[in-house]
$ cat target38.pdb   # PDB, C-alpha atoms
ATOM      1  CA  MET A 773       0.000   0.000   0.000
ATOM      2  CA  ASP A 774       2.870   2.323   0.833
ATOM      3  CA  HIS A 775       3.832   2.721  -2.774
ATOM      4  CA  TYR A 776       0.727   4.803  -3.486
ATOM      5  CA  SER A 777       1.376   8.494  -2.981
ATOM      6  CA  ASP A 778      -0.978  10.544  -0.810
ATOM      7  CA  GLU A 779      -2.033  12.543  -3.858
ATOM      8  CA  LYS A 780      -2.969   9.373  -5.712
ATOM      9  CA  LEU A 781      -4.955   8.025  -2.750
ATOM     10  CA  LEU A 782      -6.724  11.340  -2.170
ATOM     11  CA  ASP A 783      -7.558  11.536  -5.847
ATOM     12  CA  LEU A 784      -8.936   8.023  -5.637
ATOM     13  CA  PHE A 785     -10.972   8.979  -2.577
ATOM     14  CA  HIS A 786     -12.485  12.072  -4.164
ATOM     15  CA  ASN A 787     -13.023  10.835  -7.675
ATOM     16  CA  SER A 788     -13.652   7.125  -7.626
ATOM     17  CA  ASP A 789     -16.911   5.284  -7.094
ATOM     18  CA  ASN A 790     -15.491   3.581  -4.061
ATOM     19  CA  PRO A 791     -14.033   6.080  -1.542
ATOM     20  CA  ASN A 792     -14.067   3.324   1.083
ATOM     21  CA  TYR A 793     -11.336   1.486  -0.752
ATOM     22  CA  ALA A 794      -9.148   4.580  -1.000
ATOM     23  CA  PHE A 795      -9.703   5.422   2.630
ATOM     24  CA  ASN A 796      -8.884   1.881   3.648
ATOM     25  CA  LEU A 797      -5.577   2.219   1.861
ATOM     26  CA  LEU A 798      -4.903   5.497   3.682
ATOM     27  CA  VAL A 799      -5.660   3.814   7.010
ATOM     28  CA  LYS A 800      -3.320   0.946   6.201
ATOM     29  CA  LYS A 801      -0.613   3.377   5.158
ATOM     30  CA  TYR A 802      -0.722   5.536   8.276
ATOM     31  CA  GLN A 803      -2.261   3.472  11.044
ATOM     32  CA  GLU A 804       1.014   2.454  12.628
ATOM     33  CA  ARG A 805       2.541   5.926  12.651
ATOM     34  CA  VAL A 806      -0.624   7.397  14.103
ATOM     35  CA  TYR A 807      -0.917   4.571  16.620
ATOM     36  CA  TRP A 808       2.624   4.925  17.935
ATOM     37  CA  HIS A 809       2.386   8.683  18.125
ATOM     38  CA  VAL A 810      -0.764   8.417  20.248
ATOM     39  CA  ARG A 811       0.498   5.450  22.256
ATOM     40  CA  ARG A 812       3.602   7.339  23.370
ATOM     41  CA  LEU A 813       1.393  10.145  24.637
ATOM     42  CA  VAL A 814      -1.266   8.112  26.462
ATOM     43  CA  THR A 815       0.802   4.905  27.051
ATOM     44  CA  ASP A 816      -2.206   2.586  27.469
ATOM     45  CA  HIS A 817      -3.107   0.332  24.524
ATOM     46  CA  GLU A 818      -6.890   0.363  25.024
ATOM     47  CA  ASP A 819      -6.996   4.151  25.303
ATOM     48  CA  THR A 820      -4.768   4.423  22.239
ATOM     49  CA  ASN A 821      -7.010   2.076  20.272
ATOM     50  CA  ASP A 822     -10.072   4.251  21.033
ATOM     51  CA  ILE A 823      -8.239   7.426  20.112
ATOM     52  CA  VAL A 824      -6.820   6.030  16.865
ATOM     53  CA  GLN A 825     -10.273   4.904  15.750
ATOM     54  CA  GLU A 826     -11.623   8.345  16.597
ATOM     55  CA  VAL A 827      -8.795   9.990  14.627
ATOM     56  CA  PHE A 828      -9.592   8.022  11.475
ATOM     57  CA  LEU A 829     -13.299   8.585  11.969
ATOM     58  CA  LYS A 830     -12.679  12.325  12.059
ATOM     59  CA  ALA A 831     -10.382  12.048   9.058
ATOM     60  CA  TRP A 832     -13.138  10.235   7.148
ATOM     61  CA  LYS A 833     -15.636  12.974   7.965
ATOM     62  CA  GLY A 834     -13.199  15.772   7.189
ATOM     63  CA  LEU A 835     -11.587  14.304   4.121
ATOM     64  CA  GLU A 836     -14.377  15.459   1.838
ATOM     65  CA  ASN A 837     -13.401  19.061   2.560
ATOM     66  CA  PHE A 838      -9.675  18.430   2.812
ATOM     67  CA  ARG A 839      -7.958  20.595   0.251
ATOM     68  CA  ALA A 840      -4.350  19.525   0.755
ATOM     69  CA  ASP A 841      -3.075  22.966   1.782
ATOM     70  CA  SER A 842      -0.909  21.007   4.152
ATOM     71  CA  GLY A 843       0.146  17.431   3.503
ATOM     72  CA  PHE A 844      -2.295  14.660   4.373
ATOM     73  CA  PHE A 845      -0.019  13.200   6.998
ATOM     74  CA  THR A 846       0.540  16.602   8.618
ATOM     75  CA  TRP A 847      -3.217  17.017   8.809
ATOM     76  CA  LEU A 848      -3.716  13.506  10.192
ATOM     77  CA  TYR A 849      -0.940  13.999  12.724
ATOM     78  CA  ARG A 850      -2.568  17.220  13.888
ATOM     79  CA  ILE A 851      -5.877  15.418  14.442
ATOM     80  CA  ALA A 852      -4.106  12.642  16.317
ATOM     81  CA  THR A 853      -2.197  15.074  18.548
ATOM     82  CA  ASN A 854      -5.329  17.048  19.358
ATOM     83  CA  GLU A 855      -7.323  13.911  20.088
ATOM     84  CA  ALA A 856      -4.654  12.525  22.397
ATOM     85  CA  LEU A 857      -4.307  15.790  24.282
ATOM     86  CA  SER A 858      -8.086  16.177  24.544
ATOM     87  CA  PHE A 859      -8.288  12.663  25.933
ATOM     88  CA  LEU A 860      -5.701  13.434  28.604
ATOM     89  CA  LYS A 861      -7.448  16.681  29.499
ATOM     90  CA  SER A 862     -10.830  14.992  29.765
ATOM     91  CA  LYS A 863      -9.275  12.340  31.991
ATOM     92  CA  LYS A 864      -7.947  15.055  34.255
ATOM     93  CA  ARG A 865     -11.301  16.876  34.294
ATOM     94  CA  ARG A 866     -13.317  13.734  34.922
ATOM     95  CA  PHE A 867     -11.429  12.907  38.089
ATOM     96  CA  PHE A 868     -10.697  16.516  39.135
ATOM     97  CA  LEU A 869      -7.012  15.730  39.019
ATOM     98  CA  PRO A 870      -4.143  18.098  38.407
ATOM     99  CA  TRP A 871      -2.144  17.316  35.281
ATOM    100  CA  GLN A 872       0.781  15.847  37.173
ATOM    101  CA  ASP A 873      -1.460  13.280  38.899
ATOM    102  CA  VAL A 874      -2.713  11.957  35.576
ATOM    103  CA  GLU A 875       0.885  11.399  34.533
ATOM    104  CA  ASN A 876       1.647   9.683  37.848
ATOM    105  CA  THR A 877      -1.306   7.361  37.301
ATOM    106  CA  MET A 878      -0.061   6.613  33.801
ATOM    107  CA  ALA A 879       3.443   5.925  35.091
ATOM    108  CA  GLY A 880       1.951   3.570  37.673
ATOM    109  CA  LYS A 881      -0.051   1.726  35.032
ATOM    110  CA  LEU A 882       3.108   1.204  33.033
ATOM    111  CA  GLU A 883       4.324  -1.201  35.712
ATOM    112  CA  ALA A 884       1.390  -3.555  35.177
ATOM    113  CA  ASP A 885       0.922  -3.046  31.434
ATOM    114  CA  VAL A 886       1.095  -6.374  29.615
ATOM    115  CA  TYR A 887       1.794  -4.508  26.395
ATOM    116  CA  PHE A 888       4.919  -2.893  27.790
ATOM    117  CA  THR A 889       7.923  -5.159  27.397
ATOM    118  CA  GLY A 890      10.730  -2.684  27.865
ATOM    119  CA  ASN A 891      13.581  -3.218  30.294
ATOM    120  CA  GLU A 892      14.169  -1.135  33.421
ATOM    121  CA  ILE A 893      16.043   1.607  31.636
ATOM    122  CA  GLN A 894      13.311   1.922  29.004
ATOM    123  CA  LYS A 895      10.696   2.040  31.739
ATOM    124  CA  LYS A 896      12.677   4.785  33.424
ATOM    125  CA  LEU A 897      12.865   6.679  30.145
ATOM    126  CA  GLN A 898       9.076   6.467  29.698
ATOM    127  CA  LYS A 899       8.507   7.658  33.260
ATOM    128  CA  ALA A 900      10.895  10.530  32.646
ATOM    129  CA  ILE A 901       8.944  11.521  29.531
ATOM    130  CA  LEU A 902       5.723  11.427  31.555
ATOM    131  CA  THR A 903       7.114  14.040  33.930
ATOM    132  CA  LEU A 904       7.336  16.559  31.098
ATOM    133  CA  PRO A 905       4.645  19.199  30.633
ATOM    134  CA  GLU A 906       2.118  18.336  27.950
ATOM    135  CA  LYS A 907       3.556  20.430  25.113
ATOM    136  CA  GLN A 908       7.149  19.466  25.805
ATOM    137  CA  ARG A 909       6.137  15.823  25.842
ATOM    138  CA  VAL A 910       4.538  16.075  22.425
ATOM    139  CA  VAL A 911       7.571  17.864  21.007
ATOM    140  CA  PHE A 912       9.999  15.428  22.605
ATOM    141  CA  ASN A 913       8.180  12.375  21.252
ATOM    142  CA  MET A 914       7.829  13.820  17.783
ATOM    143  CA  ARG A 915      11.507  14.635  17.583
ATOM    144  CA  TYR A 916      13.048  11.786  19.548
ATOM    145  CA  TYR A 917      10.945   8.896  18.282
ATOM    146  CA  ASP A 918       9.255  10.047  15.089
ATOM    147  CA  GLU A 919      12.230  12.134  13.931
ATOM    148  CA  ILE A 920      10.098  14.898  12.548
ATOM    149  CA  ARG A 921      11.759  18.081  11.324
ATOM    150  CA  TYR A 922      11.018  21.325  13.201
ATOM    151  CA  GLU A 923       9.527  22.769  10.044
ATOM    152  CA  GLU A 924       6.955  19.996   9.749
ATOM    153  CA  MET A 925       6.353  19.997  13.510
ATOM    154  CA  SER A 926       5.644  23.707  13.303
ATOM    155  CA  GLU A 927       2.944  23.035  10.709
ATOM    156  CA  ILE A 928       1.388  20.292  12.809
ATOM    157  CA  LEU A 929       1.410  22.111  16.136
ATOM    158  CA  GLY A 930       1.017  25.679  14.898
ATOM    159  CA  THR A 931       4.054  26.830  16.892
ATOM    160  CA  SER A 932       7.150  28.640  15.673
ATOM    161  CA  GLU A 933      10.251  26.595  14.920
ATOM    162  CA  GLY A 934      12.248  28.590  17.476
ATOM    163  CA  ALA A 935       9.772  27.814  20.243
ATOM    164  CA  LEU A 936       9.755  24.144  19.304
ATOM    165  CA  LYS A 937      13.523  23.989  19.343
ATOM    166  CA  ALA A 938      13.651  25.598  22.789
ATOM    167  CA  SER A 939      10.928  23.274  24.003
ATOM    168  CA  TYR A 940      12.779  20.192  22.754
ATOM    169  CA  HIS A 941      16.059  21.304  24.303
ATOM    170  CA  HIS A 942      14.390  21.843  27.678
ATOM    171  CA  ALA A 943      12.661  18.480  27.441
ATOM    172  CA  VAL A 944      15.851  16.611  26.560
ATOM    173  CA  LYS A 945      17.675  18.148  29.519
ATOM    174  CA  LYS A 946      14.858  17.263  31.927
ATOM    175  CA  VAL A 947      14.600  13.685  30.690
ATOM    176  CA  GLU A 948      18.344  13.220  30.906
ATOM    177  CA  GLU A 949      18.335  14.621  34.448
ATOM    178  CA  TYR A 950      15.528  12.265  35.493
ATOM    179  CA  VAL A 951      17.208   9.199  34.012
ATOM    180  CA  LYS A 952      20.466  10.059  35.790
ATOM    181  CA  ASN A 953      18.887  10.655  39.180
ATOM    182  CA  HIS A 954      16.327   7.859  39.461
TER     183      HIS A 954
ATOM    184  CA  MET B 452      20.589  13.461   6.248
ATOM    185  CA  LYS B 453      17.486  14.348   8.205
ATOM    186  CA  LYS B 454      17.999  11.567  10.747
ATOM    187  CA  ASP B 455      21.680  12.396  11.028
ATOM    188  CA  ASP B 456      20.876  15.987  11.933
ATOM    189  CA  ILE B 457      18.382  14.936  14.569
ATOM    190  CA  ASN B 458      20.753  12.412  16.096
ATOM    191  CA  LYS B 459      23.624  14.887  16.007
ATOM    192  CA  GLU B 460      21.504  17.444  17.838
ATOM    193  CA  LEU B 461      20.573  14.851  20.469
ATOM    194  CA  LYS B 462      24.164  13.725  20.881
ATOM    195  CA  GLU B 463      25.238  17.296  21.544
ATOM    196  CA  LEU B 464      22.402  17.924  23.983
ATOM    197  CA  ALA B 465      22.323  14.644  25.885
ATOM    198  CA  PRO B 466      24.675  11.887  24.773
ATOM    199  CA  GLY B 467      23.177   9.507  27.331
ATOM    200  CA  LEU B 468      19.766   9.725  25.721
ATOM    201  CA  GLU B 469      21.204   9.224  22.265
ATOM    202  CA  GLU B 470      22.533   5.871  23.428
ATOM    203  CA  LEU B 471      19.112   4.852  24.787
ATOM    204  CA  LYS B 472      17.462   5.495  21.478
ATOM    205  CA  GLY B 473      16.197   2.565  19.484
ATOM    206  CA  GLY B 474      13.831  -0.241  20.294
ATOM    207  CA  ASN B 475      10.182   0.116  21.055
ATOM    208  CA  PRO B 476       9.227  -0.936  24.572
ATOM    209  CA  PHE B 477       5.513  -0.949  23.754
ATOM    210  CA  THR B 478       3.749  -3.836  22.041
ATOM    211  CA  VAL B 479       0.269  -4.440  20.648
ATOM    212  CA  PRO B 480      -2.020  -7.491  20.716
ATOM    213  CA  GLU B 481      -1.452 -10.056  18.020
ATOM    214  CA  ASP B 482      -2.778  -9.090  14.564
ATOM    215  CA  TYR B 483      -3.832  -5.720  15.901
ATOM    216  CA  PHE B 484      -2.761  -3.752  12.848
ATOM    217  CA  GLU B 485      -4.231  -6.377  10.502
ATOM    218  CA  ASN B 486      -7.660  -5.907  12.088
ATOM    219  CA  LEU B 487      -7.601  -2.182  12.756
ATOM    220  CA  PRO B 488      -8.661  -1.019   9.248
ATOM    221  CA  GLN B 489     -11.685  -3.312   9.443
ATOM    222  CA  GLN B 490     -12.638  -2.013  12.898
ATOM    223  CA  ILE B 491     -12.357   1.551  11.655
ATOM    224  CA  GLY B 492     -14.435   0.677   8.588
ATOM    225  CA  GLU B 493     -17.131  -0.800  10.813
ATOM    226  CA  ARG B 494     -17.218   2.302  12.979
ATOM    227  CA  ILE B 495     -17.448   4.555   9.948
ATOM    228  CA  HIS B 496     -20.449   2.686   8.607
ATOM    229  CA  ALA B 497     -22.114   1.986  11.922
ATOM    230  CA  PRO B 498     -25.488   3.702  12.379
ATOM    231  CA  VAL B 499     -24.981   6.940  14.233
ATOM    232  CA  SER B 500     -26.605   7.145  17.624
ATOM    233  CA  GLU B 501     -26.258  10.694  18.798
ATOM    234  CA  LYS B 502     -28.423  10.297  21.875
ATOM    235  CA  ARG B 503     -26.517   9.735  25.071
ATOM    236  CA  PRO B 504     -28.150   7.957  27.958
ATOM    237  CA  LEU B 505     -29.529  10.314  30.570
ATOM    238  CA  PHE B 506     -27.566   8.780  33.435
ATOM    239  CA  GLU B 507     -24.340   9.327  31.534
ATOM    240  CA  PHE B 508     -25.274  12.978  31.148
ATOM    241  CA  PHE B 509     -25.437  13.348  34.903
ATOM    242  CA  THR B 510     -22.143  11.593  35.528
ATOM    243  CA  LEU B 511     -20.240  14.419  33.874
ATOM    244  CA  PRO B 512     -18.780  16.167  36.925
ATOM    245  CA  LYS B 513     -18.912  19.773  35.734
ATOM    246  CA  LEU B 514     -22.463  19.477  34.550
ATOM    247  CA  ALA B 515     -23.488  17.674  37.723
ATOM    248  CA  LEU B 516     -21.912  20.460  39.759
ATOM    249  CA  VAL B 517     -23.755  23.149  37.831
ATOM    250  CA  VAL B 518     -27.085  21.316  38.014
ATOM    251  CA  SER B 519     -26.783  20.581  41.743
ATOM    252  CA  SER B 520     -25.740  24.202  42.468
ATOM    253  CA  PHE B 521     -28.757  25.437  40.547
ATOM    254  CA  PHE B 522     -31.146  23.248  42.519
ATOM    255  CA  LEU B 523     -29.458  24.174  45.786
ATOM    256  CA  ILE B 524     -29.901  27.880  45.072
ATOM    257  CA  LEU B 525     -33.481  27.268  44.001
ATOM    258  CA  PHE B 526     -34.203  25.344  47.207
ATOM    259  CA  ALA B 527     -32.545  27.986  49.396
ATOM    260  CA  GLY B 528     -34.569  30.699  47.654
ATOM    261  CA  TYR B 529     -37.797  28.772  48.180
ATOM    262  CA  MET B 530     -37.069  28.202  51.877
ATOM    263  CA  LEU B 531     -36.273  31.880  52.347
ATOM    264  CA  TRP B 532     -39.458  32.889  50.588
ATOM    265  CA  VAL B 533     -41.603  30.489  52.611
ATOM    266  CA  ASN B 534     -40.148  31.575  55.946
ATOM    267  CA  PHE B 535     -39.918  35.288  55.238
ATOM    268  CA  PRO B 536     -42.530  37.196  57.348
ATOM    269  CA  SER B 537     -45.068  38.844  55.095
ATOM    270  CA  GLU B 538     -46.048  41.307  57.894
ATOM    271  CA  PRO B 539     -43.876  43.010  60.481
ATOM    272  CA  MET B 540     -43.666  41.042  63.678
ATOM    273  CA  LEU B 541     -45.668  42.807  66.422
ATOM    274  CA  THR B 542     -46.213  42.081  70.069
ATOM    275  CA  GLU B 543     -49.758  41.297  71.148
ATOM    276  CA  ALA B 544     -50.281  44.801  72.591
ATOM    277  CA  GLU B 545     -48.884  46.460  69.462
ATOM    278  CA  GLN B 546     -51.064  44.281  67.352
ATOM    279  CA  GLU B 547     -54.144  45.400  69.297
ATOM    280  CA  VAL B 548     -53.290  49.086  68.837
ATOM    281  CA  TYR B 549     -52.568  48.472  65.209
ATOM    282  CA  GLU B 550     -55.923  46.806  64.698
ATOM    283  CA  GLN B 551     -57.730  49.654  66.470
ATOM    284  CA  HIS B 552     -56.072  52.178  64.191
ATOM    285  CA  LEU B 553     -56.958  50.046  61.253
ATOM    286  CA  ALA B 554     -60.592  49.941  62.331
ATOM    287  CA  TRP B 555     -60.652  53.687  62.851
ATOM    288  CA  TYR B 556     -59.117  54.372  59.443
ATOM    289  CA  SER B 557     -61.570  52.044  57.793
ATOM    290  CA  ASN B 558     -64.449  53.999  59.355
ATOM    291  CA  TYR B 559     -62.858  57.332  58.645
ATOM    292  CA  GLN B 560     -65.167  59.882  57.062
ATOM    293  CA  PRO B 561     -63.714  62.907  55.369
ATOM    294  CA  ASP B 562     -66.101  65.076  57.451
ATOM    295  CA  ALA B 563     -64.308  64.029  60.608
ATOM    296  CA  TYR B 564     -61.497  66.324  59.540
ATOM    297  CA  TYR B 565     -63.657  69.310  60.257
ATOM    298  CA  ASP B 566     -64.590  67.962  63.693
ATOM    299  CA  ILE B 567     -60.977  67.971  64.644
ATOM    300  CA  ILE B 568     -59.769  71.252  63.201
ATOM    301  CA  PHE B 569     -62.810  73.442  62.744
ATOM    302  CA  ASP B 570     -66.151  73.753  64.403
ATOM    303  CA  THR B 571     -68.026  73.824  61.149
ATOM    304  CA  GLU B 572     -67.348  73.196  57.539
ATOM    305  CA  GLN B 573     -68.002  76.855  56.855
ATOM    306  CA  ASP B 574     -65.094  77.919  59.055
ATOM    307  CA  ALA B 575     -62.813  75.769  56.991
ATOM    308  CA  VAL B 576     -63.553  77.484  53.716
ATOM    309  CA  THR B 577     -63.000  80.999  54.984
ATOM    310  CA  GLU B 578     -60.916  82.523  52.263
ATOM    311  CA  ASP B 579     -59.159  85.185  54.256
ATOM    312  CA  PHE B 580     -57.912  82.736  56.734
ATOM    313  CA  GLU B 581     -54.157  83.306  56.942
ATOM    314  CA  TYR B 582     -51.582  81.104  58.589
ATOM    315  CA  SER B 583     -48.281  82.249  59.917
ATOM    316  CA  GLU B 584     -45.445  79.836  60.254
ATOM    317  CA  ASP B 585     -45.960  79.804  64.025
ATOM    318  CA  ASP B 586     -49.609  78.928  63.513
ATOM    319  CA  VAL B 587     -48.677  75.983  61.402
ATOM    320  CA  VAL B 588     -46.125  74.761  63.922
ATOM    321  CA  GLU B 589     -48.548  75.200  66.794
ATOM    322  CA  TYR B 590     -51.260  73.447  64.832
ATOM    323  CA  LEU B 591     -48.992  70.553  64.070
ATOM    324  CA  LEU B 592     -47.843  70.211  67.678
ATOM    325  CA  THR B 593     -51.348  70.444  69.055
ATOM    326  CA  TYR B 594     -53.266  68.381  66.608
ATOM    327  CA  THR B 595     -50.617  65.831  65.928
ATOM    328  CA  ASP B 596     -50.752  64.856  69.574
ATOM    329  CA  TYR B 597     -54.497  64.934  69.476
ATOM    330  CA  TYR B 598     -54.549  62.932  66.348
ATOM    331  CA  LEU B 599     -52.180  60.322  67.675
ATOM    332  CA  ASP B 600     -53.944  60.085  71.004
ATOM    333  CA  TYR B 601     -57.254  59.853  69.292
ATOM    334  CA  ILE B 602     -57.619  56.143  69.330
ATOM    335  CA  PRO B 603     -61.287  55.805  69.123
ATOM    336  CA  ASP B 604     -63.189  52.958  70.485
ATOM    337  CA  SER B 605     -64.254  51.200  67.346
ATOM    338  CA  ASP B 606     -67.438  49.977  69.045
ATOM    339  CA  ASN B 607     -68.490  53.560  69.738
ATOM    340  CA  ASN B 608     -67.793  54.623  66.171
ATOM    341  CA  ASN B 609     -70.078  52.034  64.866
TER     342      ASN B 609
END

$ encode --input "target38.pdb" --output "structure tokens"
Amino acid sequence: MDHYSDEKLLDLFHNSDNPNYAFNLLVKKYQERVYWHVRRLVTDHEDTNDIVQEVFLKAWKGLENFRADSGFFTWLYRIATNEALSFLKSKKRRFFLPWQDVENTMAGKLEADVYFTGNEIQKKLQKAILTLPEKQRVVFNMRYYDEIRYEEMSEILGTSEGALKASYHHAVKKVEEYVKNH
Amino acid sequence: MKKDDINKELKELAPGLEELKGGNPFTVPEDYFENLPQQIGERIHAPVSEKRPLFEFFTLPKLALVVSSFFLILFAGYMLWVNFPSEPMLTEAEQEVYEQHLAWYSNYQPDAYYDIIFDTEQDAVTEDFEYSEDDVVEYLLTYTDYYLDYIPDSDNNN
């Protein structure tokens, strides 16, 4: 599926008799990248699964009006980021918890997660990432794991490249500090 | 080139983290990604049910807080309204005096005015009757007392 370009798939979606087929190909092409991006933010598989389905549902509804001003993946990534952050915020609101407590709960769940098979150092790294403020965490994950350029990140998050760079540098220092001291 | 730049940046910032990079500690259930497109397809074509159950509506904390505050204020307002005295609280003696005055006022005839101030109605319409300021003050002092002390026996009035 990966050999189809986004333009070709979008053209197929808009102009063929079977948009379902084209959309299915788009899902297959991007599902893993979207999944891992969301999973690193919310850590739990079941939560991630719900969010990913919601992301593609929103993409399906919005694709009719999508005019490719930004790339399809940039657009999809933006939806995924917003959905994941909204999920975390709603979790905090639902239980009247401050942000930090949600992250502590998530770090605690990591211990018992059957879908987490990392060693101690990887667990420590994930816990360190969970101590970061929301925005820094998104930036850190996008740069560290997904290796996204600042330029593209700026388009996705609607933040200047300079601010993203500063945010990433702060995040890296904090994570390094945590890993050293725990 | 792109990856090299990112790794170079990380190495300069935190060499320890650069070494940790690689390997995904998270896993997914078996065949998860094989089944995901189908699950998404099913959700897309599932009949839309916009209505949320009522009990779920009330489990939303913010909404529940607003609704309960509203009813609390409403209840407090009702209790205040029910218990608020509609008439001033009077002692038994004051109440008696008050009722006597009320009876007198209800039997009040405009002609009574002349009984108090003038001997006859004719005296009252005398045109060249002039009042000085002292007269007015004296009148007020005299007749105000009279007026206030004049608590008629309602039985006699009738």

$ atom_distance --input "target38.pdb" --atom1 "CA of Leu797 in chain A" --atom2 "CA of Asp783 in chain A"
12.3 Å

$ atom_distance --input "target38.pdb" --atom1 "CA of Tyr776 in chain A" --atom2 "CA of Ala794 in chain A"
10.2 Å

$ interface_residues --input "target38.pdb" --of "chain A" --to "chain B" --cutoff "6 Å" --atoms "all atoms listed in the file" --output "compact mmCIF listing (two decimals) with C-alpha atoms, in the frame of the given file"
# COMPACT_ATOMS: atom_id res chain seq x y z
CA GLN A 825 -10.27 4.90 15.75
CA TYR A 887 1.79 -4.51 26.40
CA PHE A 888 4.92 -2.89 27.79
CA THR A 889 7.92 -5.16 27.40
CA GLY A 890 10.73 -2.68 27.86

$ atom_distance --input "target38.pdb" --atom1 "CA of Asp816 in chain A" --atom2 "CA of Ile901 in chain A"
14.4 Å

$ axis_aligned_box --input "target38.pdb" --around "range 933-952 of chain A" --padding-each-side "6 Å" --output "lines of an AutoDock Vina configuration file"
center_x = 15.1
center_y = 18.9
center_z = 25.4
size_x = 22.7
size_y = 31.4
size_z = 32.9

$ residues_around --input "target38.pdb" --residues "Tyr793 in chain A" --least-positions-apart "3" --cutoff "12 Å" --atoms "all atoms listed in the file" --output "ChimeraX atom specification"
/A:773,781-790,796-800,832 /B:488-489,492
